[in-house]
Amino acid sequence: MFEYKINSKSKKSKARVGFFNTPHGDIITPVFMPVGTVGAVKTMSPADLETAGAEIILANTYHLHLRPGENLIKKAGGLHKFIGWNKPVLTDSGGFQVFSLSEPALKRRGVKTVKPARISEKGVEFYSHLDGSRRFMTPEDSIKIQESLGADIIMAFDYCPPANSSKLKVQEAVSTTHRWLARSLKVKKRSDQLLVPICQGGVYRDLRFFSAETIKSFNLGANAIGGVSVGEKKEKIYQAVEWCTDILPEGSPRYLMGIGYPEDIAEAVERGIDMFDCVLPTRLARHGVVWKKSKSSVKKIKGADYGYEQVNLLKSKFKGDLDIIDEACRCKACRGGLCKSYLRHLLLEREPLGIHLLTFHNLVFVFDLVSDLRESIKSGTL
RNA sequence: GCCGGGUUGGCAGAGCGGUCAAUUGCACUUGACUGUAAAUCAAGCGCCCUCGUGGCUUCGGAGGUUCGAAUCCUUCACCCGGCA
């Protein structure tokens, strides 16, 4: 279980195509995991996800713990059964909430209704975004919850500091994350789940090296890079990824958490990343924005023979636009001949169908992008 | 014809003597969104500029009262009820 086999390796970069085995089936990497935080990729049924091309989806420990609770899900037969998805699932540990519910992140969003999280050696004190109630989560709790949920791949509970953190703070986050990893391994019981450690270290080279070396030494079968896309510049992300993949073992899948934009995915694949997850395609869809292939676009995608543009269908210039988004796209909306004016109309009417169709379209875009990148690796262009 | 109610910025709709260029919602414009507190959020939305506790013109039309009117009075126009 959880074997990873490299199928094809680039001669010009660290990029590779691989097979990753899990209890609920194989994954071909590079792979993109759509985010289904509360047990659903918003507006997408399992059948929709399969049609769009999803191979594995992500859910969140923190959210499912708060509601409906891991005990209920366990009783229901586990997450796969509960949500009707028979393919691989990865649960994030709740570590990201250390960041997203932290003071700087809340301030940045102007959120005042939730008290910021407090981090200690023991764990993290959160205030539920649902009812404000105080919660405490330790690395051990996170593992126990994730074992109840029953995902194929589970994540170590990490400390993800914001981008503007001081080096000292990031250093503290790194060492805390490492200690929490060791504690997680102590309580982990299930052998049919792969626990993936997370590299922290922000934009600091020595910290990334140290963190990557440390998690590598645990030899856990897959490794993740976190603490990225928390407010820093793209170049810094690429840089951090490069530092990490220089060290993280070639023989195991590397997962870059929270990325991203098409160009970022391509840059990371080139640097040896195999797994991605991001809310962007689904969130942007809900905000009326679609990704569209474009040969002339200024947004280039390394390794792909096309660039892309972001099109906001809410703009009134699409009011009378009877063309579909992309003739070549295989998504429900495009293949169904639904024009931009209709999609815009659905969005304006707040018809759920509108955001569903855009979500479907964007996910198809990313799944196909990742698939195209695999071809590029095989053909030697990436 | 008589009696009553109404006419406010693209639309709906607050305001009913000064703090009103006018609450709010929608629409519109722009921006943001990278391990989802996000089907969300921010800013703008009469005109002008040296962009400010700035200037100018606005609340159906005209006139009036008042230091001051979207707010009170007169009148005209139109709309909606009720009775003819």
# chains A, B, ... in the order shown; residues from 1 in each chain; ligands from 1

call {"tool": "residues_around", "arguments": {"residues": "Glu270 of chain A", "least_positions_apart": "6", "cutoff": "8 Å", "atoms": "only C-alpha atoms (C1' of nucleotides)", "output": "list in words"}}
result
Ser13, Lys14, Ala15 and Leu382 of chain A

call {"tool": "interface_residues", "arguments": {"of": "chain B", "to": "chain A", "cutoff": "6 Å", "atoms": "only C-alpha atoms (C1' of nucleotides)", "output": "list of chain:residue names"}}
result
B:U34, B:G35, B:A37, B:A39

call {"tool": "write_last_selection", "arguments": {"atoms": "C-alpha atoms (C1' of nucleotides)", "output": "CSV table (one decimal), in the first residue's frame"}}
result
chain,number,residue,atom,x,y,z
B,34,U,C1',-3.5,30.1,-3.8
B,35,G,C1',-3.8,23.4,2.6
B,37,A,C1',-15.0,31.7,8.3
B,39,A,C1',-22.0,31.3,-3.9

call {"tool": "residues_around", "arguments": {"residues": "segment 289-293 of chain A", "least_positions_apart": "5", "cutoff": "12 Å", "atoms": "only C-alpha atoms (C1' of nucleotides)", "output": "PDB file with N, CA and C atoms (P, O5', C5', C4', C3', O3' and C1' of nucleotides), in the first residue's frame"}}
result
ATOM      1  N   TYR A 261      -2.646  28.697  -8.765  1.00  0.00           N
ATOM      2  CA  TYR A 261      -2.860  29.270 -10.095  1.00  0.00           C
ATOM      3  C   TYR A 261      -2.182  28.348 -11.124  1.00  0.00           C
ATOM      4  N   PRO A 262      -2.745  28.297 -12.329  1.00  0.00           N
ATOM      5  CA  PRO A 262      -2.184  27.399 -13.354  1.00  0.00           C
ATOM      6  C   PRO A 262      -0.682  27.560 -13.535  1.00  0.00           C
ATOM      7  N   GLU A 263      -0.200  28.793 -13.607  1.00  0.00           N
ATOM      8  CA  GLU A 263       1.236  28.994 -13.816  1.00  0.00           C
ATOM      9  C   GLU A 263       2.042  28.507 -12.614  1.00  0.00           C
ATOM     10  N   LEU A 280      -8.829  27.674  -5.281  1.00  0.00           N
ATOM     11  CA  LEU A 280      -8.988  28.709  -6.297  1.00  0.00           C
ATOM     12  C   LEU A 280      -9.980  28.387  -7.425  1.00  0.00           C
ATOM     13  N   PRO A 281      -9.840  27.256  -8.104  1.00  0.00           N
ATOM     14  CA  PRO A 281     -10.775  27.017  -9.203  1.00  0.00           C
ATOM     15  C   PRO A 281     -12.234  27.011  -8.757  1.00  0.00           C
ATOM     16  N   THR A 282     -12.477  26.462  -7.580  1.00  0.00           N
ATOM     17  CA  THR A 282     -13.858  26.399  -7.109  1.00  0.00           C
ATOM     18  C   THR A 282     -14.324  27.740  -6.543  1.00  0.00           C
ATOM     19  N   ARG A 283     -13.435  28.420  -5.838  1.00  0.00           N
ATOM     20  CA  ARG A 283     -13.831  29.714  -5.270  1.00  0.00           C
ATOM     21  C   ARG A 283     -14.017  30.765  -6.355  1.00  0.00           C
ATOM     22  N   LEU A 284     -13.057  30.814  -7.272  1.00  0.00           N
ATOM     23  CA  LEU A 284     -13.181  31.802  -8.348  1.00  0.00           C
ATOM     24  C   LEU A 284     -14.472  31.585  -9.122  1.00  0.00           C
ATOM     25  N   VAL A 298      -1.130  36.850 -21.853  1.00  0.00           N
ATOM     26  CA  VAL A 298       0.125  37.191 -21.199  1.00  0.00           C
ATOM     27  C   VAL A 298       0.447  36.205 -20.082  1.00  0.00           C
ATOM     28  N   LYS A 299      -0.568  35.486 -19.631  1.00  0.00           N
ATOM     29  CA  LYS A 299      -0.320  34.504 -18.574  1.00  0.00           C
ATOM     30  C   LYS A 299       0.117  33.190 -19.210  1.00  0.00           C
ATOM     31  N   LYS A 300       1.410  32.956 -19.117  1.00  0.00           N
ATOM     32  CA  LYS A 300       1.989  31.761 -19.726  1.00  0.00           C
ATOM     33  C   LYS A 300       1.965  30.614 -18.719  1.00  0.00           C
ATOM     34  N   ILE A 301       1.912  29.419 -19.238  1.00  0.00           N
ATOM     35  CA  ILE A 301       1.996  28.236 -18.388  1.00  0.00           C
ATOM     36  C   ILE A 301       3.158  27.410 -18.893  1.00  0.00           C
ATOM     37  N   ALA A 304       3.145  24.004 -21.062  1.00  0.00           N
ATOM     38  CA  ALA A 304       1.898  23.863 -21.812  1.00  0.00           C
ATOM     39  C   ALA A 304       2.010  24.711 -23.070  1.00  0.00           C
ATOM     40  N   ASP A 305       1.355  24.275 -24.137  1.00  0.00           N
ATOM     41  CA  ASP A 305       1.453  25.057 -25.369  1.00  0.00           C
ATOM     42  C   ASP A 305       0.365  26.122 -25.441  1.00  0.00           C
ATOM     43  N   TYR A 306      -0.145  26.473 -24.277  1.00  0.00           N
ATOM     44  CA  TYR A 306      -1.138  27.537 -24.227  1.00  0.00           C
ATOM     45  C   TYR A 306      -0.962  28.331 -22.947  1.00  0.00           C
ATOM     46  N   GLY A 307      -1.447  29.552 -22.966  1.00  0.00           N
ATOM     47  CA  GLY A 307      -1.512  30.348 -21.750  1.00  0.00           C
ATOM     48  C   GLY A 307      -2.959  30.342 -21.315  1.00  0.00           C
ATOM     49  N   TYR A 308      -3.282  31.238 -20.424  1.00  0.00           N
ATOM     50  CA  TYR A 308      -4.689  31.291 -20.025  1.00  0.00           C
ATOM     51  C   TYR A 308      -5.048  32.695 -19.609  1.00  0.00           C
ATOM     52  N   GLU A 309      -6.339  32.942 -19.567  1.00  0.00           N
ATOM     53  CA  GLU A 309      -6.787  34.223 -19.032  1.00  0.00           C
ATOM     54  C   GLU A 309      -7.910  33.977 -18.044  1.00  0.00           C
ATOM     55  N   GLN A 310      -8.073  34.930 -17.157  1.00  0.00           N
ATOM     56  CA  GLN A 310      -9.166  34.864 -16.201  1.00  0.00           C
ATOM     57  C   GLN A 310     -10.273  35.739 -16.743  1.00  0.00           C
ATOM     58  N   VAL A 311     -11.448  35.160 -16.876  1.00  0.00           N
ATOM     59  CA  VAL A 311     -12.565  35.904 -17.426  1.00  0.00           C
ATOM     60  C   VAL A 311     -13.653  36.023 -16.374  1.00  0.00           C
ATOM     61  N   ASN A 312     -13.987  37.253 -16.034  1.00  0.00           N
ATOM     62  CA  ASN A 312     -15.053  37.478 -15.063  1.00  0.00           C
ATOM     63  C   ASN A 312     -16.371  37.647 -15.802  1.00  0.00           C
ATOM     64  N   LEU A 313     -17.186  36.607 -15.760  1.00  0.00           N
ATOM     65  CA  LEU A 313     -18.431  36.605 -16.536  1.00  0.00           C
ATOM     66  C   LEU A 313     -19.471  37.571 -15.992  1.00  0.00           C
ATOM     67  N   LEU A 314     -19.205  38.130 -14.828  1.00  0.00           N
ATOM     68  CA  LEU A 314     -20.134  39.089 -14.240  1.00  0.00           C
ATOM     69  C   LEU A 314     -20.065  40.445 -14.941  1.00  0.00           C
ATOM     70  N   LYS A 315     -18.954  40.686 -15.641  1.00  0.00           N
ATOM     71  CA  LYS A 315     -18.792  41.971 -16.322  1.00  0.00           C
ATOM     72  C   LYS A 315     -19.922  42.139 -17.344  1.00  0.00           C
ATOM     73  N   ILE A 324     -19.853  30.588 -26.416  1.00  0.00           N
ATOM     74  CA  ILE A 324     -19.532  29.809 -25.232  1.00  0.00           C
ATOM     75  C   ILE A 324     -18.128  30.199 -24.761  1.00  0.00           C
ATOM     76  N   ILE A 325     -17.747  29.745 -23.578  1.00  0.00           N
ATOM     77  CA  ILE A 325     -16.457  30.163 -23.010  1.00  0.00           C
ATOM     78  C   ILE A 325     -15.305  29.695 -23.887  1.00  0.00           C
ATOM     79  N   ASP A 326     -15.304  28.412 -24.213  1.00  0.00           N
ATOM     80  CA  ASP A 326     -14.189  27.841 -24.967  1.00  0.00           C
ATOM     81  C   ASP A 326     -14.681  26.668 -25.820  1.00  0.00           C
ATOM     82  N   GLU A 327     -14.573  26.843 -27.115  1.00  0.00           N
ATOM     83  CA  GLU A 327     -15.046  25.811 -28.055  1.00  0.00           C
ATOM     84  C   GLU A 327     -14.398  24.455 -27.794  1.00  0.00           C
ATOM     85  N   ALA A 328     -13.140  24.495 -27.349  1.00  0.00           N
ATOM     86  CA  ALA A 328     -12.384  23.248 -27.204  1.00  0.00           C
ATOM     87  C   ALA A 328     -12.604  22.583 -25.843  1.00  0.00           C
ATOM     88  N   CYS A 329     -13.307  23.266 -24.954  1.00  0.00           N
ATOM     89  CA  CYS A 329     -13.468  22.748 -23.589  1.00  0.00           C
ATOM     90  C   CYS A 329     -14.506  21.632 -23.543  1.00  0.00           C
ATOM     91  N   ARG A 330     -14.216  20.625 -22.701  1.00  0.00           N
ATOM     92  CA  ARG A 330     -15.110  19.475 -22.611  1.00  0.00           C
ATOM     93  C   ARG A 330     -16.064  19.574 -21.426  1.00  0.00           C
ATOM     94  N   CYS A 331     -16.109  20.718 -20.760  1.00  0.00           N
ATOM     95  CA  CYS A 331     -16.957  20.827 -19.569  1.00  0.00           C
ATOM     96  C   CYS A 331     -18.435  20.854 -19.944  1.00  0.00           C
ATOM     97  N   ALA A 333     -20.772  23.031 -19.386  1.00  0.00           N
ATOM     98  CA  ALA A 333     -21.305  24.283 -19.931  1.00  0.00           C
ATOM     99  C   ALA A 333     -20.893  24.462 -21.389  1.00  0.00           C
ATOM    100  N   CYS A 334     -19.610  24.264 -21.650  1.00  0.00           N
ATOM    101  CA  CYS A 334     -19.115  24.478 -23.012  1.00  0.00           C
ATOM    102  C   CYS A 334     -19.622  23.402 -23.966  1.00  0.00           C
ATOM    103  N   LYS A 340     -22.044  32.603 -22.781  1.00  0.00           N
ATOM    104  CA  LYS A 340     -21.626  33.441 -21.653  1.00  0.00           C
ATOM    105  C   LYS A 340     -22.773  34.296 -21.127  1.00  0.00           C
ATOM    106  N   LEU A 343     -24.778  32.116 -18.847  1.00  0.00           N
ATOM    107  CA  LEU A 343     -24.063  31.844 -17.597  1.00  0.00           C
ATOM    108  C   LEU A 343     -24.078  33.075 -16.699  1.00  0.00           C
ATOM    109  N   ARG A 344     -23.849  34.238 -17.318  1.00  0.00           N
ATOM    110  CA  ARG A 344     -23.886  35.486 -16.567  1.00  0.00           C
ATOM    111  C   ARG A 344     -25.271  35.697 -15.971  1.00  0.00           C
ATOM    112  N   LEU A 347     -25.706  33.604 -12.961  1.00  0.00           N
ATOM    113  CA  LEU A 347     -24.949  34.165 -11.853  1.00  0.00           C
ATOM    114  C   LEU A 347     -25.715  35.331 -11.218  1.00  0.00           C
ATOM    115  N   GLY A 354     -25.621  28.223 -12.007  1.00  0.00           N
ATOM    116  CA  GLY A 354     -24.555  29.065 -12.553  1.00  0.00           C
ATOM    117  C   GLY A 354     -23.204  28.746 -11.944  1.00  0.00           C
ATOM    118  N   ILE A 355     -23.120  28.767 -10.622  1.00  0.00           N
ATOM    119  CA  ILE A 355     -21.824  28.511  -9.988  1.00  0.00           C
ATOM    120  C   ILE A 355     -21.428  27.045 -10.139  1.00  0.00           C
ATOM    121  N   HIS A 356     -22.396  26.199 -10.253  1.00  0.00           N
ATOM    122  CA  HIS A 356     -22.063  24.792 -10.487  1.00  0.00           C
ATOM    123  C   HIS A 356     -21.366  24.644 -11.841  1.00  0.00           C
ATOM    124  N   LEU A 357     -21.930  25.267 -12.855  1.00  0.00           N
ATOM    125  CA  LEU A 357     -21.361  25.140 -14.199  1.00  0.00           C
ATOM    126  C   LEU A 357     -19.967  25.764 -14.269  1.00  0.00           C
ATOM    127  N   LEU A 358     -19.770  26.891 -13.608  1.00  0.00           N
ATOM    128  CA  LEU A 358     -18.439  27.509 -13.609  1.00  0.00           C
ATOM    129  C   LEU A 358     -17.441  26.675 -12.811  1.00  0.00           C
ATOM    130  N   THR A 359     -17.910  26.111 -11.710  1.00  0.00           N
ATOM    131  CA  THR A 359     -17.039  25.246 -10.910  1.00  0.00           C
ATOM    132  C   THR A 359     -16.599  24.052 -11.746  1.00  0.00           C
ATOM    133  N   PHE A 360     -17.557  23.473 -12.430  1.00  0.00           N
ATOM    134  CA  PHE A 360     -17.269  22.329 -13.291  1.00  0.00           C
ATOM    135  C   PHE A 360     -16.236  22.727 -14.343  1.00  0.00           C
ATOM    136  N   HIS A 361     -16.475  23.866 -14.954  1.00  0.00           N
ATOM    137  CA  HIS A 361     -15.564  24.334 -16.009  1.00  0.00           C
ATOM    138  C   HIS A 361     -14.146  24.525 -15.477  1.00  0.00           C
ATOM    139  N   ASN A 362     -14.019  25.224 -14.360  1.00  0.00           N
ATOM    140  CA  ASN A 362     -12.680  25.488 -13.818  1.00  0.00           C
ATOM    141  C   ASN A 362     -11.969  24.213 -13.392  1.00  0.00           C
ATOM    142  N   LEU A 363     -12.725  23.302 -12.814  1.00  0.00           N
ATOM    143  CA  LEU A 363     -12.088  22.044 -12.412  1.00  0.00           C
ATOM    144  C   LEU A 363     -11.624  21.265 -13.630  1.00  0.00           C
ATOM    145  N   VAL A 364     -12.438  21.243 -14.659  1.00  0.00           N
ATOM    146  CA  VAL A 364     -12.029  20.577 -15.905  1.00  0.00           C
ATOM    147  C   VAL A 364     -10.751  21.236 -16.423  1.00  0.00           C
ATOM    148  N   PHE A 365     -10.712  22.554 -16.331  1.00  0.00           N
ATOM    149  CA  PHE A 365      -9.511  23.269 -16.785  1.00  0.00           C
ATOM    150  C   PHE A 365      -8.270  22.773 -16.038  1.00  0.00           C
ATOM    151  N   VAL A 366      -8.363  22.676 -14.725  1.00  0.00           N
ATOM    152  CA  VAL A 366      -7.185  22.279 -13.936  1.00  0.00           C
ATOM    153  C   VAL A 366      -6.841  20.808 -14.138  1.00  0.00           C
ATOM    154  N   ASP A 368      -7.404  19.019 -16.710  1.00  0.00           N
ATOM    155  CA  ASP A 368      -6.820  18.887 -18.050  1.00  0.00           C
ATOM    156  C   ASP A 368      -5.430  19.505 -18.110  1.00  0.00           C
ATOM    157  N   LEU A 369      -5.254  20.588 -17.358  1.00  0.00           N
ATOM    158  CA  LEU A 369      -3.928  21.208 -17.309  1.00  0.00           C
ATOM    159  C   LEU A 369      -2.906  20.222 -16.747  1.00  0.00           C
TER     160      LEU A 369
ATOM    161  P     C B  33      -5.278  38.316  -5.289  1.00  0.00           P
ATOM    162  O5'   C B  33      -6.063  37.209  -4.461  1.00  0.00           O
ATOM    163  C5'   C B  33      -6.134  37.247  -3.013  1.00  0.00           C
ATOM    164  C4'   C B  33      -7.325  36.390  -2.624  1.00  0.00           C
ATOM    165  C3'   C B  33      -7.139  34.951  -3.070  1.00  0.00           C
ATOM    166  O3'   C B  33      -7.332  34.067  -1.981  1.00  0.00           O
ATOM    167  C1'   C B  33      -9.181  35.842  -3.912  1.00  0.00           C
ATOM    168  P     A B  39     -18.818  31.014  -0.309  1.00  0.00           P
ATOM    169  O5'   A B  39     -19.704  32.003  -1.183  1.00  0.00           O
ATOM    170  C5'   A B  39     -19.190  32.675  -2.316  1.00  0.00           C
ATOM    171  C4'   A B  39     -20.289  32.773  -3.327  1.00  0.00           C
ATOM    172  C3'   A B  39     -21.585  33.319  -2.735  1.00  0.00           C
ATOM    173  O3'   A B  39     -21.649  34.694  -2.974  1.00  0.00           O
ATOM    174  C1'   A B  39     -21.975  31.292  -3.944  1.00  0.00           C
TER     175        A B  39
END

call {"tool": "residues_around", "arguments": {"residues": "segment 207-213 of chain A", "least_positions_apart": "4", "cutoff": "6 Å", "atoms": "only C-alpha atoms (C1' of nucleotides)", "output": "VMD selection string"}}
result
chain A and resid 199 201 244

call {"tool": "atom_distance", "arguments": {"atom1": "atom C1' of A38 of chain B", "atom2": "atom CA of Asp131 of chain A"}}
result
17.5 Å

call {"tool": "residues_around", "arguments": {"residues": "Pro161 of chain A", "least_positions_apart": "4", "cutoff": "7 Å", "atoms": "only C-alpha atoms (C1' of nucleotides)", "output": "compact mmCIF listing (two decimals) with N, CA and C atoms, in the first residue's frame"}}
result
# COMPACT_ATOMS: atom_id res chain seq x y z
N PHE A 99 -3.17 29.06 10.82
CA PHE A 99 -2.89 30.27 10.07
C PHE A 99 -4.15 31.09 9.79
N SER A 165 5.77 36.91 9.06
CA SER A 165 6.34 36.53 10.35
C SER A 165 7.85 36.73 10.37
N VAL A 170 9.12 31.99 12.47
CA VAL A 170 9.08 30.88 11.52
C VAL A 170 9.91 29.71 12.05
N ALA A 173 7.94 27.97 14.47
CA ALA A 173 6.91 27.18 13.79
C ALA A 173 7.50 25.88 13.25
N GLY A 227 3.11 26.13 4.45
CA GLY A 227 3.62 27.46 4.78
C GLY A 227 3.92 28.31 3.58

call {"tool": "residues_around", "arguments": {"residues": "Val124 of chain A", "least_positions_apart": "3", "cutoff": "8 Å", "atoms": "only C-alpha atoms (C1' of nucleotides)", "output": "ChimeraX atom specification"}}
result
/A:98,117-120,136-138

call {"tool": "residues_around", "arguments": {"residues": "Gln239 of chain A", "least_positions_apart": "6", "cutoff": "10 Å", "atoms": "only C-alpha atoms (C1' of nucleotides)", "output": "list in words"}}
result
Val203, Tyr204, Arg205, Ala268 and Arg271 of chain A
